[in-house]
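Single-structure report; data block below.
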Amino acid sequence: MSSTRKLVRGTTVRLAIGLALAVCLAACSSKGGAQNQGGAASGDAGKRYTIAMITHEQPGDFFWDKIRSGAEAAAKHLNVDLKYSNNNDAGQQATLVQNAIDSHVDGIAVTLAFADQVGPAAQKAVQAGIPVVAFNSGISDYQKYGIGMYFGSDEDLAGQSAGQRMTQAGAGGKAICVVQEQGSVALEARCAGVKKTFPNTENLQVNGADLPSVQQTIGAKLQQDPSIGYIVTLGAPIALAALQAKQQGGNSQAKIVTFDLSSDVAKDIKDGTIAFSIDQQPYVQGYQAVTSLWLALTNGNDIGGGKPVLTGPSFVDNTNIGKIANYAAQNTR
């Protein structure tokens, strides 16, 4: 068994443990809020905690709807007041973290796509005694800033897993890895991982906030280089733009592989126009981030034992899309 497969298998085990915990917590109350009846996770009787979730969400990227959906479900189950904010400018996101500190929230969940800028702000929260968890981005950086918990995918491993699968399929040719947000550590790590197991991979920078431009850039690249056998996209909206570019170009035989999932991508996987998705299960990330902070506040728990809790990679293809498509349509997968 390869080291990549061993890691993916370990991911599945750890994710199962995390999901079991989430199900347990969801069952704490049939009335929509966790009931404090003494014992574990009782906390301050009657206290409603305020948790700030601060992300680098880019406008128009519906990936984040799944993060929020998971976070809101956990907040409802646990009677948490969830304050969500976002900015895909690193400096502005750091300011949002500082604003949360100044407003004396009880806990902070933050993405570290721009760790050098946002990490120090998160560290200030830790130093102020506010429990902080990182999620979605920053797996290699969160511990530098005193953050004890992380929920998300190992993006390098996910990229390696994708590249390995592409190599095994034997399509050959070149792969282009489409990076839609310049400077995002997580996105760059995905492409770097793909290149490790599918060496003939070239990055293509696009502006993810302008999907017509994304489509044009990918289309031009396909016309310029007929040797492209794979288009690897790092988000569902980019995958749909790539599909349109390929269909309008007419001549390309490139297969489309994407990270992340949406209802439209699920349909395209079912139809065979997208080969497969590498899913990091963002709903779980949002749910676990809120749940772990609530447990830290009410019971002093530190989930993960100093190691990241992995939510992916999880492959979605024509063998399992039938049971997953409905969840994608409900915005939970």
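Chain labels follow the order of the structure tokens: the first chain is A, the next B, and so on; residue numbering restarts at 1 in every chain, and ligands are counted from 1 in their shown order.
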**Asked** Got a sec to tell me which of region 21-192 of chain A DSSP assigns to alpha helix (DSSP H), as a count of residues only?
**Response** 71
Quick one: residues within 7 Å of Ala328 (chain A), only C-alpha atoms counted, chain neighbours fewer than 4 positions away excluded, as a PDB file with N, CA and C atoms, in the first residue's frame?
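Dumped everything to around-v9.pdb:
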ATOM      1  N   SER A 262     -20.523  20.663  -6.018  1.00  0.00           N
ATOM      2  CA  SER A 262     -21.754  21.456  -6.018  1.00  0.00           C
ATOM      3  C   SER A 262     -22.822  20.596  -6.679  1.00  0.00           C
ATOM      4  N   SER A 263     -24.065  21.058  -6.632  1.00  0.00           N
ATOM      5  CA  SER A 263     -25.136  20.282  -7.262  1.00  0.00           C
ATOM      6  C   SER A 263     -24.913  20.171  -8.765  1.00  0.00           C
ATOM      7  N   ILE A 324     -24.690  10.562  -3.302  1.00  0.00           N
ATOM      8  CA  ILE A 324     -24.175  11.845  -2.829  1.00  0.00           C
ATOM      9  C   ILE A 324     -24.898  13.026  -3.466  1.00  0.00           C
ATOM     10  N   THR A 332     -25.325  20.259   1.697  1.00  0.00           N
ATOM     11  CA  THR A 332     -24.616  19.687   2.831  1.00  0.00           C
ATOM     12  C   THR A 332     -23.439  18.818   2.390  1.00  0.00           C
ATOM     13  N   ARG A 333     -23.177  18.745   1.101  1.00  0.00           N
ATOM     14  CA  ARG A 333     -22.054  17.947   0.605  1.00  0.00           C
ATOM     15  C   ARG A 333     -21.423  18.629  -0.598  1.00  0.00           C
TER      16      ARG A 333
END
**Request:** For region 158-169 of chain A, list every protein, DNA or RNA residue within 7 Å, evaluated using only C-alpha atoms, and leave out those in the same chain fewer than 2 positions away; present the list as JSON, numbers by chain.
**Result:** {"A": [4, 154, 155, 156, 171, 190, 191, 192, 193, 194, 195, 196, 197, 198, 313]}
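Residue nearest Gly119 (chain A) within the list A:Asp141, A:Asp225, A:Asp81, A:Asp106: A:Asp141 [criterion: smallest interatomic distance, only C-alpha atoms].
Distances from A:Ala220, A:Ile67, A:Leu211, A:Ala325 to Val284 (chain A) were compared using only C-alpha atoms, and the smallest one belongs to A:Ile67.
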**Message:** Just checking: using only C-alpha atoms, which residue out of A:Lys323, A:Lys83, A:Lys124, A:Lys66 ends up closest to Tyr49 (chain A)?
**Reply:**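 The shortest atom-to-atom distance to Tyr49 (chain A) comes from A:Lys83.
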**Prompt:** Which is closer to Gly173 (chain A) than all the others in A:Gly286, A:Gly148, A:Pro226, A:Gly107, using only C-alpha atoms?
**Reply:**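 Using only C-alpha atoms, Gly173 (chain A) sits closest to A:Pro226.
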**Asked** For Val179 (chain A), which residue among A:Leu82, A:Ala239, A:Val133, A:Met149 is the nearest when counting only C-alpha atoms?
**Response**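 Distance minimum relative to Val179 (chain A) lands on A:Ala239.
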**Asked** Can you tell me, as a VMD selection string, what residues are no more than 10 Å from Phe114 (chain A) when counting only C-alpha atoms, ignoring any on the same chain fewer than 3 positions away?
**Response** chain A and resid 56 88 to 91 93 to 94 111 117 to 119 137 to 138 141 183 to 186
**Request:** Output as a list in words all residues of region 149-250 of chain A that backbone DSSP marks as strand (DSSP E).
**Result:**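 Here is the list: Met149, Tyr150, Phe151, Gly152, Ser153, Lys174, Ala175, Ile176, Cys177, Val178, Val179, Thr201, Glu202, Asn203, Leu204, Gln205, Ile228, Gly229, Tyr230, Ile231, Val232 and Thr233 of chain A.
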